[in-house]
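One structure is given here, and the rest of the page talks about it.
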Amino acid sequence: RPWRVEGGPRSPIDRVAPTLRPSNPLIDARCRLRKAWLIALVGWALAGCDPRFIEQPGQVDIYIGQGRISAACVGLTMYEDDNLRRHTAGKLADLTDDQTATDCICKALYEDGKGVYDSSVLYGIEGTARDDLAQCITPALDDPGITGDDRLELVQRIGNIGAPVGFAAIAEALPGMKDATLRVQAIQSLTPARDDYRSLLLGELTGDSPSEVRAAVPPVFDGDETKEVVDTMVKLAREDKDGDVRAAALRAVVKLRLPETDEMVCDLMMNDPDERVRDRAVRSFKGSKRDEALDCLEKRIKTTEESATVRESVLKALAASPHDRAPDILCQQMGPFIRQYVKDEAPDHKEGLDIITYQNNRGLDATYDCVLKARRTPGLSCHGR
């Protein structure tokens with residue numbers, strides 16, 4: 001009826017739906033449609049049917065809590081909400097023994113030959129280490145329709161799943177990758193499985209590989225003390241033709257603190273023609289309290305260095321060292337350092353010149369005496385004095 005008399009009997013729907021007092025047929029029709037929608041929704045819920053849409057992640061959690069897995073899977077089809085799909089995939093992936101959950105994730109991830117995959121769903125299953133989910137997405141590596149940044153992200157996220165099947169698929173695809181950026185991503189993605197693919201990864205260090213590819217290999221083996229890796233990295237740091245590669249190899253082995261690596265670091269710090277390598281070698285000793293490191297840094301600060309960047313790193317490395325010798329080295333070398341480098345400009349706030357500030361930060365009590373001693377150094381420029 002178009003009107004409900006106030007105080008009259010109320011149907012169940014009347015008690016649920018908002019009370020409307022339509023003043024025209026259009027509003028009356030909207031009222032009936034709203035009631036019909038509510039009846040359908042209630043009936044749908046009572047019948048246990050899957051919803052047509054999901055709006056909030058909390059709804060997914062409720063459906064999973066009720067054991068209504070297929071209803072929760074609807075969240076994977078909400079293509080306008082990336083966060084919802086990612087949340088849904090993560091929650092369903094936690095149900096390792098539920099085949100319905102696995103099947104709907106796989107269906108949402110990738111369809112063979114379509115040239116597209118759902119990155120949000122793939123993001124949602126990262127860290128699960130589930131082979132059964134990884135094998136649903138690895139065929140996408142062979143899909144020629146997935147290119148550019150999409151393929152780059154695909155390799156990254158497959159590696160982030162952390163599943164042996166995913167690592168194996170990336171390793172199989174690596175030799176055939178022509179794009180250097182893609183090969184770098186594949187190498188990085190294999191880091192958690194480096195022990196299983198050591199030969200493959202070290203094989204990327206051959207001379208015909210682009211320099212950015214070769215430079216991507218040493219960080220993968222950071223902290224690896226096996227003889228094969230250490231020997232390879234030491235040789236690479238000494239002999240590779242590219243400075244970025246030598247610096248990357250140096251960074252990978254310097255933390256091992258082996259006798260051969262200390263010797264190598266000091267040699268590169270003093271003699272490498274590329275300032276990036278010398279700088280990396282210096283920075284590898286920053287904050288060190290070992291005598292070997294202090295010996296090398298002292299030798300470096302006493303020897304002419306044309307690169308302001310390297311000189312700045314030397315000053316920072318000594319200032320950061322807790323060794324008692326560090327402030328003494330800065331104090332003793334203050335005069336000769338200023339005489340050699342402070343020529344035509346004041347040292348304040350200039351890169352690689354302000355040794356007084358670094359000494360002051362490290363040994364405040366001795367600064368006045370150090371400056372007085374440095375002031376007596378013969379041959380100082382006007383700016384130096």
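So you can find residues: chains in the structure tokens are A, B, ... in the order shown, residues in each start at 1, and ligands are numbered from 1 in order.
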List as a PyMOL selection string the protein and nucleic acid residues near region 146-162 of chain A, meaning an atom at most 9 Å away when only C-alpha atoms are counted, but skip any in the same chain fewer than 6 places from it. chain A and resi 114-117+119+122-123+125-131+133-134+137-138+140+169-170+181-182+185-186+188-193
Using only C-alpha atoms, which protein or nucleic acid residues come within 8 Å of Asp61 (chain A)? Drop anything in the same chain fewer than 4 positions from it, and give the result as a list in words. Pro57, Gly65, Ala72 and Lys91 of chain A
Separation of CA of Val310 (chain A) from CA of Asp279 (chain A) in Å: 4.9 Å
All residues 9 Å or closer to region 171-179 of chain A, only C-alpha atoms, same chain fewer than 2 positions away omitted, as a PDB file with N, CA, C and O atoms, in the first residue's frame:
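Saved as part-v7.pdb:
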```
ATOM      1  N   LEU A 141      56.187 -17.066 -16.994  1.00  0.00           N
ATOM      2  CA  LEU A 141      57.530 -16.718 -17.431  1.00  0.00           C
ATOM      3  C   LEU A 141      57.750 -17.035 -18.906  1.00  0.00           C
ATOM      4  O   LEU A 141      58.636 -16.457 -19.543  1.00  0.00           O
ATOM      5  N   ASP A 142      56.967 -17.945 -19.448  1.00  0.00           N
ATOM      6  CA  ASP A 142      57.092 -18.326 -20.860  1.00  0.00           C
ATOM      7  C   ASP A 142      56.087 -17.602 -21.747  1.00  0.00           C
ATOM      8  O   ASP A 142      56.033 -17.865 -22.955  1.00  0.00           O
ATOM      9  N   GLY A 166      59.410 -21.952  -7.604  1.00  0.00           N
ATOM     10  CA  GLY A 166      59.595 -20.622  -8.174  1.00  0.00           C
ATOM     11  C   GLY A 166      61.052 -20.339  -8.489  1.00  0.00           C
ATOM     12  O   GLY A 166      61.384 -19.815  -9.565  1.00  0.00           O
ATOM     13  N   PHE A 167      61.953 -20.679  -7.550  1.00  0.00           N
ATOM     14  CA  PHE A 167      63.379 -20.470  -7.790  1.00  0.00           C
ATOM     15  C   PHE A 167      63.861 -21.282  -8.992  1.00  0.00           C
ATOM     16  O   PHE A 167      64.652 -20.794  -9.801  1.00  0.00           O
ATOM     17  N   ALA A 168      63.370 -22.512  -9.089  1.00  0.00           N
ATOM     18  CA  ALA A 168      63.780 -23.369 -10.203  1.00  0.00           C
ATOM     19  C   ALA A 168      63.331 -22.791 -11.542  1.00  0.00           C
ATOM     20  O   ALA A 168      64.073 -22.835 -12.533  1.00  0.00           O
ATOM     21  N   ALA A 169      62.142 -22.226 -11.581  1.00  0.00           N
ATOM     22  CA  ALA A 169      61.630 -21.638 -12.822  1.00  0.00           C
ATOM     23  C   ALA A 169      62.444 -20.408 -13.226  1.00  0.00           C
ATOM     24  O   ALA A 169      62.745 -20.202 -14.410  1.00  0.00           O
ATOM     25  N   THR A 181      68.529  -5.734 -17.521  1.00  0.00           N
ATOM     26  CA  THR A 181      67.784  -5.388 -16.307  1.00  0.00           C
ATOM     27  C   THR A 181      67.003  -6.586 -15.790  1.00  0.00           C
ATOM     28  O   THR A 181      66.917  -6.820 -14.574  1.00  0.00           O
ATOM     29  N   LEU A 182      66.438  -7.363 -16.698  1.00  0.00           N
ATOM     30  CA  LEU A 182      65.685  -8.550 -16.309  1.00  0.00           C
ATOM     31  C   LEU A 182      66.619  -9.605 -15.721  1.00  0.00           C
ATOM     32  O   LEU A 182      66.276 -10.268 -14.729  1.00  0.00           O
ATOM     33  N   ARG A 183      67.794  -9.746 -16.298  1.00  0.00           N
ATOM     34  CA  ARG A 183      68.759 -10.716 -15.767  1.00  0.00           C
ATOM     35  C   ARG A 183      69.211 -10.306 -14.364  1.00  0.00           C
ATOM     36  O   ARG A 183      69.382 -11.157 -13.478  1.00  0.00           O
ATOM     37  N   VAL A 184      69.401  -9.011 -14.154  1.00  0.00           N
ATOM     38  CA  VAL A 184      69.773  -8.530 -12.820  1.00  0.00           C
ATOM     39  C   VAL A 184      68.687  -8.886 -11.809  1.00  0.00           C
ATOM     40  O   VAL A 184      68.974  -9.359 -10.703  1.00  0.00           O
ATOM     41  N   ALA A 186      66.491 -11.315 -12.001  1.00  0.00           N
ATOM     42  CA  ALA A 186      66.483 -12.761 -11.809  1.00  0.00           C
ATOM     43  C   ALA A 186      67.598 -13.184 -10.855  1.00  0.00           C
ATOM     44  O   ALA A 186      67.393 -14.028  -9.967  1.00  0.00           O
ATOM     45  N   ILE A 187      68.790 -12.605 -11.019  1.00  0.00           N
ATOM     46  CA  ILE A 187      69.916 -12.911 -10.129  1.00  0.00           C
ATOM     47  C   ILE A 187      69.578 -12.531  -8.696  1.00  0.00           C
ATOM     48  O   ILE A 187      69.803 -13.298  -7.751  1.00  0.00           O
ATOM     49  N   LEU A 190      67.189 -14.878  -6.931  1.00  0.00           N
ATOM     50  CA  LEU A 190      67.726 -16.196  -6.569  1.00  0.00           C
ATOM     51  C   LEU A 190      68.596 -16.141  -5.309  1.00  0.00           C
ATOM     52  O   LEU A 190      69.124 -17.166  -4.887  1.00  0.00           O
ATOM     53  N   TYR A 197      72.071 -22.718  -6.592  1.00  0.00           N
ATOM     54  CA  TYR A 197      72.341 -22.242  -7.957  1.00  0.00           C
ATOM     55  C   TYR A 197      73.676 -21.502  -8.029  1.00  0.00           C
ATOM     56  O   TYR A 197      73.835 -20.582  -8.821  1.00  0.00           O
ATOM     57  N   LEU A 200      75.397 -21.580 -11.531  1.00  0.00           N
ATOM     58  CA  LEU A 200      74.661 -20.750 -12.485  1.00  0.00           C
ATOM     59  C   LEU A 200      74.951 -19.276 -12.245  1.00  0.00           C
ATOM     60  O   LEU A 200      75.211 -18.513 -13.196  1.00  0.00           O
ATOM     61  N   LEU A 201      74.919 -18.858 -10.992  1.00  0.00           N
ATOM     62  CA  LEU A 201      75.115 -17.452 -10.668  1.00  0.00           C
ATOM     63  C   LEU A 201      76.551 -17.006 -10.932  1.00  0.00           C
ATOM     64  O   LEU A 201      76.785 -15.925 -11.494  1.00  0.00           O
ATOM     65  N   GLU A 204      77.415 -16.114 -14.434  1.00  0.00           N
ATOM     66  CA  GLU A 204      77.032 -14.802 -14.959  1.00  0.00           C
ATOM     67  C   GLU A 204      78.170 -13.791 -14.870  1.00  0.00           C
ATOM     68  O   GLU A 204      78.025 -12.653 -15.316  1.00  0.00           O
TER      69      GLU A 204
END
```
Restricting the calculation to only C-alpha atoms, which member of A:Gly335, A:Gly113, A:Pro347, A:Gly223 is positioned closest to Gly379 (chain A)?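 The closest residue to Gly379 (chain A) is A:Gly335.
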Mind checking which residues fall within 8 Å of Glu312 (chain A), counting only C-alpha atoms, ignoring those fewer than 6 positions away in the same chain, and posting them as an mmCIF file with N, CA, C and O atoms, in the first residue's frame?
```cif
data_model
loop_
_atom_site.group_PDB
_atom_site.id
_atom_site.type_symbol
_atom_site.label_atom_id
_atom_site.label_comp_id
_atom_site.auth_asym_id
_atom_site.auth_seq_id
_atom_site.Cartn_x
_atom_site.Cartn_y
_atom_site.Cartn_z
ATOM 1 N N GLU A 351 83.747 19.413 0.728
ATOM 2 C CA GLU A 351 83.968 17.974 0.755
ATOM 3 C C GLU A 351 85.458 17.645 0.703
ATOM 4 O O GLU A 351 86.195 18.165 -0.130
ATOM 5 N N GLY A 352 85.877 16.769 1.616
ATOM 6 C CA GLY A 352 87.238 16.278 1.600
ATOM 7 C C GLY A 352 88.287 17.236 2.108
ATOM 8 O O GLY A 352 89.488 17.018 1.874
ATOM 9 N N LEU A 353 87.906 18.308 2.800
ATOM 10 C CA LEU A 353 88.878 19.297 3.273
ATOM 11 C C LEU A 353 88.835 19.532 4.778
ATOM 12 O O LEU A 353 89.857 19.855 5.381
#
```
Find the spatial neighbours of Asp82 (chain A), counting only C-alpha atoms, within a cut-off of 10 Å - ignore same-chain residues fewer than 2 positions away - and output them as a PyMOL selection string. chain A and resi 75-80+84-88+118-121+123-124
Skip Asp295 (chain A) itself and residues of its chain fewer than 5 positions away, then list as a PyMOL selection string all residues within 12 Å of it, counting only C-alpha atoms. chain A and resi 262-263+265-266+282+285+288-290+300-302+318+323+325-326+329
Export of prior selection with N, CA, C and O atoms as a tab-separated table (two decimals), in the first residue's frame:
```tsv
chain	number	residue	atom	x	y	z
A	262	ASP	N	91.69	-8.38	3.77
A	262	ASP	CA	92.28	-7.16	4.33
A	262	ASP	C	93.36	-6.62	3.41
A	262	ASP	O	93.44	-5.42	3.13
A	263	GLU	N	94.21	-7.49	2.94
A	263	GLU	CA	95.28	-7.10	2.03
A	263	GLU	C	94.72	-6.53	0.73
A	263	GLU	O	95.20	-5.52	0.21
A	265	VAL	N	91.70	-5.16	0.28
A	265	VAL	CA	91.04	-3.88	0.52
A	265	VAL	C	92.06	-2.75	0.58
A	265	VAL	O	91.87	-1.69	-0.03
A	266	CYS	N	93.15	-2.97	1.28
A	266	CYS	CA	94.16	-1.93	1.40
A	266	CYS	C	94.81	-1.63	0.05
A	266	CYS	O	95.06	-0.47	-0.29
A	282	VAL	N	87.64	2.30	1.22
A	282	VAL	CA	87.74	3.13	2.44
A	282	VAL	C	86.51	2.95	3.30
A	282	VAL	O	86.60	2.74	4.52
A	285	PHE	N	85.97	0.14	5.82
A	285	PHE	CA	86.64	0.18	7.12
A	285	PHE	C	86.03	1.23	8.05
A	285	PHE	O	86.56	1.45	9.15
A	288	SER	N	85.67	0.77	11.98
A	288	SER	CA	86.43	-0.41	12.41
A	288	SER	C	87.38	-0.05	13.55
A	288	SER	O	87.94	1.05	13.59
A	289	LYS	N	87.55	-0.98	14.47
A	289	LYS	CA	88.50	-0.78	15.56
A	289	LYS	C	89.70	-1.72	15.44
A	289	LYS	O	90.52	-1.82	16.35
A	290	ARG	N	89.80	-2.40	14.31
A	290	ARG	CA	90.91	-3.35	14.11
A	290	ARG	C	92.18	-2.59	13.71
A	290	ARG	O	92.15	-1.64	12.94
A	300	ARG	N	96.48	5.68	3.95
A	300	ARG	CA	95.71	6.37	2.92
A	300	ARG	C	95.70	7.89	3.15
A	300	ARG	O	95.85	8.67	2.22
A	301	ILE	N	95.55	8.33	4.40
A	301	ILE	CA	95.46	9.76	4.67
A	301	ILE	C	96.82	10.44	4.49
A	301	ILE	O	96.89	11.64	4.20
A	302	LYS	N	97.90	9.66	4.60
A	302	LYS	CA	99.23	10.23	4.41
A	302	LYS	C	99.61	10.33	2.93
A	302	LYS	O	100.60	11.00	2.60
A	318	LEU	N	87.80	7.41	9.86
A	318	LEU	CA	88.61	7.59	11.08
A	318	LEU	C	87.80	8.18	12.22
A	318	LEU	O	87.93	7.76	13.38
A	323	HIS	N	88.62	3.11	17.96
A	323	HIS	CA	90.02	2.87	18.35
A	323	HIS	C	90.67	4.17	18.83
A	323	HIS	O	90.47	5.24	18.25
A	325	ARG	N	93.57	5.13	18.49
A	325	ARG	CA	94.51	5.66	17.51
A	325	ARG	C	93.83	6.61	16.53
A	325	ARG	O	94.51	7.47	15.93
A	326	ALA	N	92.53	6.45	16.33
A	326	ALA	CA	91.84	7.21	15.27
A	326	ALA	C	91.95	8.72	15.47
A	326	ALA	O	92.37	9.43	14.55
A	329	ILE	N	95.55	9.92	14.84
A	329	ILE	CA	95.91	10.00	13.42
A	329	ILE	C	95.40	11.30	12.82
A	329	ILE	O	96.12	12.00	12.09
```
In Å, rounded to a single decimal, give me how far CA of Cys296 (chain A) is from CA of Met264 (chain A).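 Value for the CA of Met264 (chain A)-CA of Cys296 (chain A) distance: 10.9 Å.
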Alpha helix (DSSP H) residues, from DSSP on the backbone, in region 206-357 of chain A, as a ChimeraX atom specification: /A:211-220,227-239,243-253,259-271,275-283,291-302,308-320,325-332,334-341,355-357
What does the distance between CA of Gly363 (chain A) and CA of Thr304 (chain A) come to in Å, to one decimal place? 24.0 Å
Out of A:Arg280, A:Arg251, A:Arg362, A:Lys316, which residue has the shortest atom-to-atom distance to Ala216 (chain A) when counting only C-alpha atoms? A:Arg251
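Distance annotation: of A:Cys104, A:Ile62, A:Lys241, A:Ala93, the residue with the minimal separation from Val74 (chain A) is A:Cys104; atom set is only C-alpha atoms.
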Min atom-atom distance to Tyr358 (chain A) from the set A:Pro327, A:Pro378, A:Gly58, A:Pro164, counting only C-alpha atoms, belongs to A:Pro327
